[in-house]
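Shown next: final17.cif, given as mmCIF, C-alpha atoms.
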data_run
loop_
_atom_site.label_atom_id
_atom_site.label_comp_id
_atom_site.auth_asym_id
_atom_site.auth_seq_id
_atom_site.Cartn_x
_atom_site.Cartn_y
_atom_site.Cartn_z
CA MET A 1 -10.45 -18.85 7.88
CA ASN A 2 -9.41 -15.53 6.46
CA GLU A 3 -9.78 -14.06 2.99
CA PHE A 4 -8.56 -11.06 1.09
CA SER A 5 -9.16 -9.75 -2.43
CA ILE A 6 -6.69 -8.81 -5.12
CA LEU A 7 -7.53 -6.82 -8.22
CA THR A 8 -5.37 -7.94 -11.14
CA GLN A 9 -4.55 -5.71 -14.13
CA GLU A 10 -3.12 -8.00 -16.82
CA ARG A 11 -4.19 -11.25 -18.49
CA PHE A 12 -1.03 -12.94 -17.12
CA GLN A 13 0.41 -11.44 -13.96
CA LEU A 14 2.39 -12.41 -10.84
CA ILE A 15 1.41 -10.43 -7.71
CA ASP A 16 3.42 -10.76 -4.49
CA ILE A 17 1.01 -11.48 -1.61
CA THR A 18 3.65 -12.48 0.97
CA GLU A 19 3.01 -9.53 3.30
CA LYS A 20 -0.75 -10.04 3.25
CA VAL A 21 -0.41 -13.74 4.09
CA GLU A 22 2.13 -13.04 6.83
CA LYS A 23 -0.18 -10.43 8.35
CA VAL A 24 -2.98 -13.02 8.59
CA VAL A 25 -0.65 -15.50 10.29
CA LYS A 26 0.67 -12.87 12.73
CA GLU A 27 -2.82 -11.64 13.64
CA SER A 28 -4.03 -15.20 14.27
CA GLY A 29 -1.66 -15.44 17.22
CA ILE A 30 -0.99 -19.08 16.30
CA LYS A 31 2.62 -19.99 17.06
CA ASP A 32 2.84 -23.49 15.67
CA GLY A 33 1.04 -25.25 12.83
CA LEU A 34 0.61 -24.94 9.12
CA VAL A 35 -1.00 -22.46 6.78
CA LEU A 36 -2.79 -23.28 3.54
CA VAL A 37 -2.85 -20.48 0.94
CA PHE A 38 -5.63 -21.25 -1.53
CA VAL A 39 -7.45 -19.56 -4.43
CA PRO A 40 -11.06 -20.64 -5.09
CA HIS A 41 -10.47 -20.11 -8.81
CA SER A 42 -9.60 -22.38 -11.73
CA THR A 43 -7.88 -19.71 -13.84
CA ALA A 44 -5.51 -18.35 -11.17
CA GLY A 45 -2.82 -19.99 -9.05
CA ILE A 46 -0.40 -19.76 -6.16
CA LEU A 47 3.35 -20.01 -6.86
CA LEU A 48 6.45 -19.58 -4.74
CA THR A 49 9.34 -17.84 -6.46
CA GLU A 50 11.75 -14.93 -6.17
CA ASN A 51 10.27 -11.44 -6.47
CA GLU A 52 12.49 -10.08 -9.21
CA GLU A 53 11.00 -8.15 -12.13
CA ASN A 54 12.91 -9.94 -14.90
CA LEU A 55 12.14 -13.35 -13.45
CA LYS A 56 8.43 -12.52 -13.31
CA GLN A 57 8.52 -11.82 -17.06
CA ASP A 58 10.55 -15.01 -17.68
CA TRP A 59 7.87 -16.96 -15.81
CA ILE A 60 5.16 -15.60 -18.10
CA ASP A 61 7.21 -16.50 -21.20
CA VAL A 62 7.57 -20.13 -20.06
CA LEU A 63 3.92 -20.44 -19.02
CA LYS A 64 2.67 -19.05 -22.33
CA LYS A 65 4.89 -21.40 -24.32
CA LEU A 66 3.58 -24.44 -22.39
CA VAL A 67 0.12 -23.84 -23.88
CA SER A 68 1.05 -22.39 -27.29
CA GLY A 69 0.48 -24.17 -30.61
CA PHE A 70 -2.81 -25.83 -29.62
CA ASP A 71 -6.23 -25.40 -31.19
CA PHE A 72 -8.21 -25.67 -27.96
CA ARG A 73 -11.74 -27.11 -28.20
CA HIS A 74 -12.85 -25.32 -25.02
CA ASN A 75 -12.18 -21.94 -26.65
CA LYS A 76 -15.34 -22.31 -28.74
CA ILE A 77 -17.24 -22.07 -25.42
CA ASP A 78 -15.01 -19.76 -23.42
CA ASP A 79 -11.71 -18.43 -24.72
CA ASN A 80 -9.60 -19.46 -21.72
CA ALA A 81 -8.51 -23.09 -22.03
CA ASP A 82 -4.92 -21.90 -21.61
CA SER A 83 -5.89 -20.17 -18.34
CA HIS A 84 -7.48 -23.31 -16.90
CA ILE A 85 -4.57 -25.53 -17.85
CA LEU A 86 -1.87 -23.20 -16.53
CA SER A 87 -3.83 -22.73 -13.30
CA GLY A 88 -3.95 -26.48 -12.84
CA LEU A 89 -0.26 -26.96 -13.63
CA ALA A 90 0.90 -24.09 -11.38
CA GLY A 91 -1.44 -25.26 -8.63
CA GLN A 92 -4.13 -23.34 -6.77
CA GLU A 93 -2.81 -23.92 -3.25
CA LYS A 94 0.44 -24.13 -1.33
CA ASN A 95 1.20 -25.05 2.30
CA PHE A 96 3.78 -23.66 4.73
CA PRO A 97 4.89 -24.64 8.20
CA ILE A 98 4.34 -22.08 10.96
CA ASN A 99 7.07 -21.99 13.59
CA ASP A 100 7.46 -19.45 16.44
CA GLY A 101 4.47 -17.54 15.04
CA ARG A 102 6.04 -17.09 11.60
CA ILE A 103 5.70 -18.71 8.19
CA VAL A 104 8.75 -20.84 7.43
CA ARG A 105 10.02 -19.86 3.98
CA GLY A 106 13.26 -19.17 2.15
CA ILE A 107 14.65 -15.70 1.66
CA TRP A 108 13.91 -15.84 -2.13
CA GLN A 109 10.68 -17.73 -1.74
CA GLN A 110 7.91 -15.14 -1.98
CA ILE A 111 4.23 -16.08 -2.27
CA PHE A 112 2.55 -15.04 -5.52
CA LEU A 113 -1.00 -14.94 -6.72
CA VAL A 114 -0.70 -15.79 -10.40
CA GLU A 115 -3.37 -14.42 -12.72
CA PHE A 116 -3.96 -16.43 -15.93
CA ASP A 117 -7.20 -14.78 -17.14
CA GLY A 118 -7.22 -11.19 -15.92
CA PRO A 119 -7.97 -8.54 -15.28
CA LYS A 120 -10.22 -9.89 -12.51
CA SER A 121 -10.98 -9.60 -8.82
CA ARG A 122 -9.49 -12.63 -7.06
CA ILE A 123 -9.97 -14.08 -3.61
CA VAL A 124 -7.12 -15.58 -1.59
CA THR A 125 -8.15 -17.88 1.26
CA VAL A 126 -5.75 -18.36 4.17
CA LYS A 127 -6.50 -21.28 6.46
CA ILE A 128 -4.38 -21.86 9.56
CA ILE A 129 -4.28 -25.21 11.37
CA LYS A 130 -2.76 -25.45 14.85
CA GLY A 131 0.14 -27.84 15.27
CA MET B 1 -8.89 -41.45 7.06
CA ASN B 2 -11.28 -42.45 4.30
CA GLU B 3 -10.66 -44.11 0.96
CA PHE B 4 -12.61 -44.89 -2.16
CA SER B 5 -11.75 -46.68 -5.41
CA ILE B 6 -12.14 -45.52 -8.97
CA LEU B 7 -11.95 -47.79 -12.00
CA THR B 8 -10.47 -45.93 -14.95
CA GLN B 9 -11.13 -46.87 -18.59
CA GLU B 10 -8.55 -44.98 -20.68
CA ARG B 11 -4.76 -44.58 -20.62
CA PHE B 12 -5.22 -40.82 -20.06
CA GLN B 13 -8.46 -39.77 -18.40
CA LEU B 14 -9.88 -37.06 -16.12
CA ILE B 15 -12.59 -38.29 -13.72
CA ASP B 16 -14.58 -35.85 -11.59
CA ILE B 17 -14.50 -37.02 -7.95
CA THR B 18 -15.88 -33.82 -6.39
CA GLU B 19 -19.12 -35.41 -5.13
CA LYS B 20 -17.30 -38.36 -3.58
CA VAL B 21 -14.87 -36.10 -1.74
CA GLU B 22 -17.66 -33.78 -0.58
CA LYS B 23 -19.62 -36.78 0.73
CA VAL B 24 -16.65 -37.84 2.88
CA VAL B 25 -16.31 -34.32 4.29
CA LYS B 26 -20.05 -34.07 5.00
CA GLU B 27 -20.21 -37.47 6.70
CA SER B 28 -17.20 -36.63 8.90
CA GLY B 29 -19.28 -33.96 10.63
CA ILE B 30 -16.19 -31.75 10.81
CA LYS B 31 -17.13 -28.10 10.41
CA ASP B 32 -13.74 -26.43 10.30
CA GLY B 33 -10.33 -27.60 9.14
CA LEU B 34 -8.65 -28.79 5.98
CA VAL B 35 -8.95 -31.81 3.75
CA LEU B 36 -6.10 -33.51 1.91
CA VAL B 37 -7.08 -35.40 -1.26
CA PHE B 38 -4.28 -37.83 -2.09
CA VAL B 39 -3.59 -40.73 -4.47
CA PRO B 40 -1.09 -43.38 -3.29
CA HIS B 41 0.04 -43.80 -6.91
CA SER B 42 2.92 -42.46 -8.99
CA THR B 43 1.14 -42.70 -12.36
CA ALA B 44 -2.07 -40.88 -11.42
CA GLY B 45 -2.75 -37.41 -10.04
CA ILE B 46 -5.20 -34.94 -8.54
CA LEU B 47 -6.03 -31.76 -10.48
CA LEU B 48 -8.53 -28.96 -9.97
CA THR B 49 -10.15 -27.67 -13.13
CA GLU B 50 -13.51 -27.01 -14.77
CA ASN B 51 -15.61 -30.04 -15.65
CA GLU B 52 -16.22 -29.32 -19.32
CA GLU B 53 -15.84 -32.07 -21.91
CA ASN B 54 -13.80 -30.05 -24.41
CA LEU B 55 -11.47 -28.77 -21.73
CA LYS B 56 -10.83 -32.30 -20.49
CA GLN B 57 -9.65 -33.23 -23.99
CA ASP B 58 -7.54 -30.05 -24.22
CA TRP B 59 -5.88 -31.02 -20.93
CA ILE B 60 -4.90 -34.41 -22.33
CA ASP B 61 -3.46 -32.77 -25.48
CA VAL B 62 -1.24 -30.47 -23.42
CA LEU B 63 -0.14 -33.22 -21.04
CA LYS B 64 0.78 -35.58 -23.90
CA LYS B 65 2.79 -32.86 -25.64
CA LEU B 66 4.79 -32.14 -22.47
CA VAL B 67 6.28 -35.65 -22.65
CA SER B 68 6.39 -36.19 -26.43
CA GLY B 69 9.59 -36.40 -28.47
CA PHE B 70 11.67 -38.18 -25.83
CA ASP B 71 13.33 -41.58 -26.03
CA PHE B 72 12.73 -42.55 -22.40
CA ARG B 73 15.29 -44.87 -20.79
CA HIS B 74 12.76 -46.14 -18.22
CA ASN B 75 10.59 -47.55 -21.03
CA LYS B 76 13.05 -50.43 -21.52
CA ILE B 77 11.98 -51.56 -18.02
CA ASP B 78 8.36 -50.45 -17.91
CA ASP B 79 6.69 -48.52 -20.72
CA ASN B 80 5.31 -45.69 -18.60
CA ALA B 81 7.97 -43.02 -18.04
CA ASP B 82 5.50 -40.48 -19.44
CA SER B 83 2.91 -41.57 -16.83
CA HIS B 84 5.33 -41.11 -13.94
CA ILE B 85 6.49 -37.70 -15.11
CA LEU B 86 3.00 -36.33 -15.77
CA SER B 87 1.81 -37.67 -12.42
CA GLY B 88 4.65 -35.82 -10.69
CA LEU B 89 4.04 -32.59 -12.61
CA ALA B 90 0.27 -32.62 -12.07
CA GLY B 91 0.76 -33.55 -8.43
CA GLN B 92 -0.66 -36.43 -6.45
CA GLU B 93 -2.36 -34.41 -3.74
CA LYS B 94 -4.30 -31.19 -3.24
CA ASN B 95 -5.56 -29.48 -0.08
CA PHE B 96 -8.75 -27.51 0.58
CA PRO B 97 -10.02 -25.45 3.48
CA ILE B 98 -13.18 -26.70 5.21
CA ASN B 99 -15.52 -23.95 6.40
CA ASP B 100 -19.05 -24.36 7.85
CA GLY B 101 -18.80 -28.10 7.13
CA ARG B 102 -18.12 -27.60 3.43
CA ILE B 103 -15.07 -27.71 1.16
CA VAL B 104 -14.11 -24.20 0.08
CA ARG B 105 -13.74 -24.23 -3.71
CA GLY B 106 -14.62 -22.13 -6.73
CA ILE B 107 -17.66 -22.77 -8.87
CA TRP B 108 -15.51 -23.99 -11.79
CA GLN B 109 -12.99 -25.74 -9.59
CA GLN B 110 -13.92 -29.42 -9.64
CA ILE B 111 -11.68 -32.13 -8.19
CA PHE B 112 -10.35 -34.65 -10.71
CA LEU B 113 -8.57 -37.93 -10.43
CA VAL B 114 -6.25 -37.93 -13.44
CA GLU B 115 -5.26 -41.28 -14.88
CA PHE B 116 -1.92 -41.36 -16.74
CA ASP B 117 -1.48 -45.15 -17.12
CA GLY B 118 -4.93 -46.71 -17.29
CA PRO B 119 -7.09 -48.56 -17.33
CA LYS B 120 -6.48 -49.32 -13.65
CA SER B 121 -8.17 -49.45 -10.27
CA ARG B 122 -7.15 -46.36 -8.30
CA ILE B 123 -7.44 -45.44 -4.64
CA VAL B 124 -8.25 -41.91 -3.47
CA THR B 125 -7.38 -41.14 0.15
CA VAL B 126 -9.25 -38.34 1.92
CA LYS B 127 -7.74 -37.12 5.16
CA ILE B 128 -9.51 -34.47 7.23
CA ILE B 129 -7.73 -32.41 9.87
CA LYS B 130 -9.74 -30.35 12.37
CA GLY B 131 -9.07 -26.63 12.47
CA MET C 1 9.01 -29.05 13.37
CA ASN C 2 11.98 -31.06 12.24
CA GLU C 3 14.69 -30.31 9.69
CA PHE C 4 17.50 -32.16 8.01
CA SER C 5 20.15 -31.12 5.49
CA ILE C 6 21.04 -32.67 2.16
CA LEU C 7 24.23 -31.93 0.25
CA THR C 8 23.59 -32.11 -3.50
CA GLN C 9 26.31 -32.87 -6.06
CA GLU C 10 24.85 -31.97 -9.47
CA ARG C 11 23.12 -28.93 -10.98
CA PHE C 12 20.00 -31.08 -11.60
CA GLN C 13 19.55 -34.07 -9.30
CA LEU C 14 16.83 -36.22 -7.71
CA ILE C 15 17.69 -37.48 -4.21
CA ASP C 16 15.45 -39.99 -2.44
CA ILE C 17 14.64 -38.69 1.07
CA THR C 18 11.84 -41.18 1.87
CA GLU C 19 13.71 -42.91 4.70
CA LYS C 20 14.68 -39.63 6.35
CA VAL C 21 11.10 -38.35 6.26
CA GLU C 22 9.71 -41.66 7.53
CA LYS C 23 12.20 -41.62 10.40
CA VAL C 24 10.95 -38.17 11.49
CA VAL C 25 7.34 -39.39 11.41
CA LYS C 26 8.15 -42.57 13.34
CA GLU C 27 10.14 -40.70 15.99
CA SER C 28 7.33 -38.18 16.49
CA GLY C 29 5.13 -40.97 17.86
CA ILE C 30 2.14 -39.40 16.11
CA LYS C 31 -0.25 -42.07 14.87
CA ASP C 32 -2.78 -40.04 12.95
CA GLY C 33 -2.54 -36.77 11.04
CA LEU C 34 -0.69 -35.32 8.12
CA VAL C 35 2.89 -34.46 7.31
CA LEU C 36 4.08 -31.53 5.23
CA VAL C 37 7.45 -32.00 3.50
CA PHE C 38 8.74 -28.55 2.55
CA VAL C 39 11.94 -26.96 1.21
CA PRO C 40 12.61 -23.31 2.16
CA HIS C 41 14.23 -22.79 -1.24
CA SER C 42 13.08 -21.39 -4.58
CA THR C 43 15.53 -23.37 -6.74
CA ALA C 44 14.81 -26.84 -5.32
CA GLY C 45 11.62 -28.89 -5.05
CA ILE C 46 9.82 -31.92 -3.66
CA LEU C 47 8.51 -34.56 -6.08
CA LEU C 48 6.93 -37.98 -5.66
CA THR C 49 8.02 -40.57 -8.21
CA GLU C 50 9.48 -44.04 -8.56
CA ASN C 51 13.11 -44.47 -7.51
CA GLU C 52 14.48 -46.01 -10.68
CA GLU C 53 17.78 -44.77 -12.14
CA ASN C 54 16.59 -44.49 -15.75
CA LEU C 55 13.44 -42.68 -14.75
CA LYS C 56 15.46 -40.16 -12.72
CA GLN C 57 17.42 -39.32 -15.88
CA ASP C 58 14.22 -39.15 -17.95
CA TRP C 59 12.83 -36.67 -15.41
CA ILE C 60 15.84 -34.41 -15.87
CA ASP C 61 15.50 -34.55 -19.66
CA VAL C 62 11.86 -33.43 -19.50
CA LEU C 63 12.53 -30.71 -16.93
CA LYS C 64 15.43 -29.28 -18.94
CA LYS C 65 13.36 -29.21 -22.14
CA LEU C 66 10.54 -27.30 -20.39
CA VAL C 67 12.88 -24.34 -19.92
CA SER C 68 15.05 -24.65 -23.03
CA GLY C 69 15.02 -22.19 -25.94
CA PHE C 70 14.43 -19.06 -23.85
CA ASP C 71 16.65 -16.01 -23.50
CA PHE C 72 15.92 -15.40 -19.81
CA ARG C 73 16.08 -11.77 -18.61
CA HIS C 74 16.81 -12.84 -15.01
CA ASN C 75 20.06 -14.50 -16.13
CA LYS C 76 21.71 -11.07 -16.51
CA ILE C 77 21.35 -10.78 -12.70
CA ASP C 78 21.72 -14.40 -11.62
CA ASP C 79 22.12 -17.27 -14.07
CA ASN C 80 19.34 -19.45 -12.68
CA ALA C 81 15.97 -18.42 -14.10
CA ASP C 82 15.51 -22.03 -15.23
CA SER C 83 16.10 -23.22 -11.64
CA HIS C 84 13.47 -20.87 -10.20
CA ILE C 85 10.88 -21.78 -12.81
CA LEU C 86 11.37 -25.55 -12.52
CA SER C 87 11.28 -25.30 -8.74
CA GLY C 88 7.95 -23.50 -8.94
CA LEU C 89 6.48 -25.94 -11.45
CA ALA C 90 7.64 -29.04 -9.55
CA GLY C 91 6.48 -27.52 -6.27
CA GLN C 92 8.37 -26.95 -3.06
CA GLU C 93 6.06 -28.88 -0.73
CA LYS C 94 3.93 -32.01 -0.64
CA ASN C 95 1.52 -33.39 2.00
CA PHE C 96 0.89 -36.97 3.04
CA PRO C 97 -1.67 -38.58 5.33
CA ILE C 98 -0.34 -40.34 8.43
CA ASN C 99 -2.25 -43.47 9.42
CA ASP C 100 -1.33 -46.02 12.14
CA GLY C 101 1.92 -44.10 12.68
CA ARG C 102 3.04 -44.41 9.06
CA ILE C 103 3.07 -42.17 6.01
CA VAL C 104 0.42 -43.28 3.52
CA ARG C 105 2.10 -43.64 0.11
CA GLY C 106 2.18 -45.95 -2.87
CA ILE C 107 4.82 -48.62 -3.33
CA TRP C 108 6.41 -46.70 -6.26
CA GLN C 109 5.83 -43.29 -4.73
CA GLN C 110 9.14 -42.28 -3.18
CA ILE C 111 9.79 -38.77 -1.84
CA PHE C 112 12.52 -36.84 -3.68
CA LEU C 113 14.35 -33.65 -3.00
CA VAL C 114 14.92 -32.21 -6.47
CA GLU C 115 17.93 -29.97 -6.97
CA PHE C 116 17.65 -27.43 -9.81
CA ASP C 117 20.70 -25.25 -9.03
CA GLY C 118 23.29 -27.43 -7.33
CA PRO C 119 25.59 -28.35 -5.94
CA LYS C 120 24.24 -26.80 -2.73
CA SER C 121 23.38 -27.58 0.87
CA ARG C 122 19.58 -27.89 1.13
CA ILE C 123 17.21 -27.94 4.09
CA VAL C 124 14.14 -30.17 4.22
CA THR C 125 11.48 -29.15 6.76
CA VAL C 126 9.09 -31.81 8.05
CA LYS C 127 6.02 -30.54 9.87
CA ILE C 128 3.57 -33.00 11.42
CA ILE C 129 0.01 -32.03 12.34
CA LYS C 130 -2.07 -34.32 14.57
CA GLY C 131 -5.35 -35.58 13.10
#

Starting from the coordinates I provided, produce the structure as structure tokens.
Amino acid sequence: MNEFSILTQERFQLIDITEKVEKVVKESGIKDGLVLVFVPHSTAGILLTENEENLKQDWIDVLKKLVSGFDFRHNKIDDNADSHILSGLAGQEKNFPINDGRIVRGIWQQIFLVEFDGPKSRIVTVKIIKG
Amino acid sequence: MNEFSILTQERFQLIDITEKVEKVVKESGIKDGLVLVFVPHSTAGILLTENEENLKQDWIDVLKKLVSGFDFRHNKIDDNADSHILSGLAGQEKNFPINDGRIVRGIWQQIFLVEFDGPKSRIVTVKIIKG
Amino acid sequence: MNEFSILTQERFQLIDITEKVEKVVKESGIKDGLVLVFVPHSTAGILLTENEENLKQDWIDVLKKLVSGFDFRHNKIDDNADSHILSGLAGQEKNFPINDGRIVRGIWQQIFLVEFDGPKSRIVTVKIIKG
């Protein structure tokens, strides 16, 4: 198992971690299997999408609207019900095949850590299973 | 492969199954790998979120709103189009790394069976793969 | 690793690929493990739901509404911000247990390739890991 940390700057933010995940896979020397990319957090997520600046802002607009217009009960305890719910909906883990020592992914399918309650220090866990 | 059953009481309900899943992982004796938590159902799901009573209710409010205001065609056959769609959006499986014989997860990241068409008897399948 | 192609006909479309995935698992001869069903695309997805014609249309109604009412910035570059966002929310991969040589799944839990930006030729990657 391998981990790395990411420092986020905004409350909502998409950060491309593709290179960091690919480095872990390459350094493992494993040629065939799958890789699980996981965050041990309930107010952050992992999403696969195109790394394009406008699209990243569009994503945040849609995510915010999904949780707007509610009077959240949890916010009396901790003002981040929206963060928890978006993290759950986006998902906190994604899996990829590994083939010929490389992650199988599409050309516009980058791996993002998504921050829903930043700024914070976040951990990304990369677990590789041999095929 | 290991399975356990959960009896749900409400149409929409979040039930914390973290201890049950952790017991399966512990009893497997497997120290390193990944665990897939899966429901063989299309009107229930698996979500990771904080186990806090207010938040659980906030979750249900958001989920219900996502599928409100539609005149679902499927409901002429079986009155649970909303259940199917929420199950698909929440997801029916989640994966975790196993490290040192324990599930890797955050402190506020509990594992929930989510019922979208209860009350029903539900099966949770836990599949462990060695690393 | 195994791949097959699917030609989609509509901009938004759900296509049942259960038989194709089950054929790959059967032909692998692997009796115990897990299977990752993955699309190397950021404007398509994998969803588990019931294969019922009305429900498939209901799904499309809900998905379209999730991304309606926005003036997407990305659309000035490429008119498919909605496709990227729905693909990310639906998810581009799902895992199943394999037991006794068969995929574990519910009776109403079919595997769908979901097209969000068709018509296109899509690849489905099936990766099996021994248990």

Name the residues that the PyMOL selection byres ((chain C) within 10 of (chain A)) pulls out of this structure, and write them as a compact mmCIF listing (two decimals) with C-alpha atoms, in the frame of the given file.
# COMPACT_ATOMS: atom_id res chain seq x y z
CA MET C 1 9.01 -29.05 13.37
CA VAL C 35 2.89 -34.46 7.31
CA LEU C 36 4.08 -31.53 5.23
CA VAL C 37 7.45 -32.00 3.50
CA PHE C 38 8.74 -28.55 2.55
CA VAL C 39 11.94 -26.96 1.21
CA PRO C 40 12.61 -23.31 2.16
CA HIS C 41 14.23 -22.79 -1.24
CA SER C 42 13.08 -21.39 -4.58
CA THR C 43 15.53 -23.37 -6.74
CA LEU C 66 10.54 -27.30 -20.39
CA VAL C 67 12.88 -24.34 -19.92
CA SER C 68 15.05 -24.65 -23.03
CA GLY C 69 15.02 -22.19 -25.94
CA PHE C 70 14.43 -19.06 -23.85
CA ASP C 71 16.65 -16.01 -23.50
CA PHE C 72 15.92 -15.40 -19.81
CA ARG C 73 16.08 -11.77 -18.61
CA HIS C 74 16.81 -12.84 -15.01
CA ASN C 75 20.06 -14.50 -16.13
CA LYS C 76 21.71 -11.07 -16.51
CA ILE C 77 21.35 -10.78 -12.70
CA ASP C 78 21.72 -14.40 -11.62
CA ASN C 80 19.34 -19.45 -12.68
CA ALA C 81 15.97 -18.42 -14.10
CA ASP C 82 15.51 -22.03 -15.23
CA HIS C 84 13.47 -20.87 -10.20
CA ILE C 85 10.88 -21.78 -12.81
CA LEU C 86 11.37 -25.55 -12.52
CA SER C 87 11.28 -25.30 -8.74
CA GLY C 88 7.95 -23.50 -8.94
CA LEU C 89 6.48 -25.94 -11.45
CA ALA C 90 7.64 -29.04 -9.55
CA GLY C 91 6.48 -27.52 -6.27
CA GLN C 92 8.37 -26.95 -3.06
CA GLU C 93 6.06 -28.88 -0.73
CA LYS C 94 3.93 -32.01 -0.64
CA ASN C 95 1.52 -33.39 2.00
CA ILE C 123 17.21 -27.94 4.09
CA THR C 125 11.48 -29.15 6.76
CA VAL C 126 9.09 -31.81 8.05
CA LYS C 127 6.02 -30.54 9.87
CA ILE C 128 3.57 -33.00 11.42
CA ILE C 129 0.01 -32.03 12.34
CA LYS C 130 -2.07 -34.32 14.57
CA GLY C 131 -5.35 -35.58 13.10

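One distance worth recording is that between atom CA of B:Lys26 and atom CA of C:Gly29, which is 29.1 Å.
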
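Reported to one decimal place, the separation of atom CA of C:Asp100 from atom CA of B:Ser121 is 23.7 Å.
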
(Q) I'd like the interatomic distance between atom CA of C:Arg122 and atom CA of C:Val24, to a tenth of an Å. (A) 17.0 Å

Q: List the residues matched by the PyMOL selection byres ((chain C and resi 118) around 9) in the displayed structure as number ranges by chain, ordered by chain and then by residue number.
A: C: 7-13, 43-44, 115-117, 119-121

Taking C-alpha atoms for each residue, export the selection above as a PDB file, in the frame of the given file.
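Saved as selection37.pdb:
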ATOM      1  CA  LEU C   7      24.230 -31.930   0.250  1.00  0.00           C
ATOM      2  CA  THR C   8      23.590 -32.110  -3.500  1.00  0.00           C
ATOM      3  CA  GLN C   9      26.310 -32.870  -6.060  1.00  0.00           C
ATOM      4  CA  GLU C  10      24.850 -31.970  -9.470  1.00  0.00           C
ATOM      5  CA  ARG C  11      23.120 -28.930 -10.980  1.00  0.00           C
ATOM      6  CA  PHE C  12      20.000 -31.080 -11.600  1.00  0.00           C
ATOM      7  CA  GLN C  13      19.550 -34.070  -9.300  1.00  0.00           C
ATOM      8  CA  THR C  43      15.530 -23.370  -6.740  1.00  0.00           C
ATOM      9  CA  ALA C  44      14.810 -26.840  -5.320  1.00  0.00           C
ATOM     10  CA  GLU C 115      17.930 -29.970  -6.970  1.00  0.00           C
ATOM     11  CA  PHE C 116      17.650 -27.430  -9.810  1.00  0.00           C
ATOM     12  CA  ASP C 117      20.700 -25.250  -9.030  1.00  0.00           C
ATOM     13  CA  PRO C 119      25.590 -28.350  -5.940  1.00  0.00           C
ATOM     14  CA  LYS C 120      24.240 -26.800  -2.730  1.00  0.00           C
ATOM     15  CA  SER C 121      23.380 -27.580   0.870  1.00  0.00           C
TER      16      SER C 121
END

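Residues matched by the PyMOL selection byres ((chain B and resi 20) around 10) in this file: Glu3, Phe4, Asp16, Ile17, Thr18, Glu19, Val21, Glu22, Lys23, Val24, Val25, Lys26, Ile111, Val124 and Val126 of chain B.
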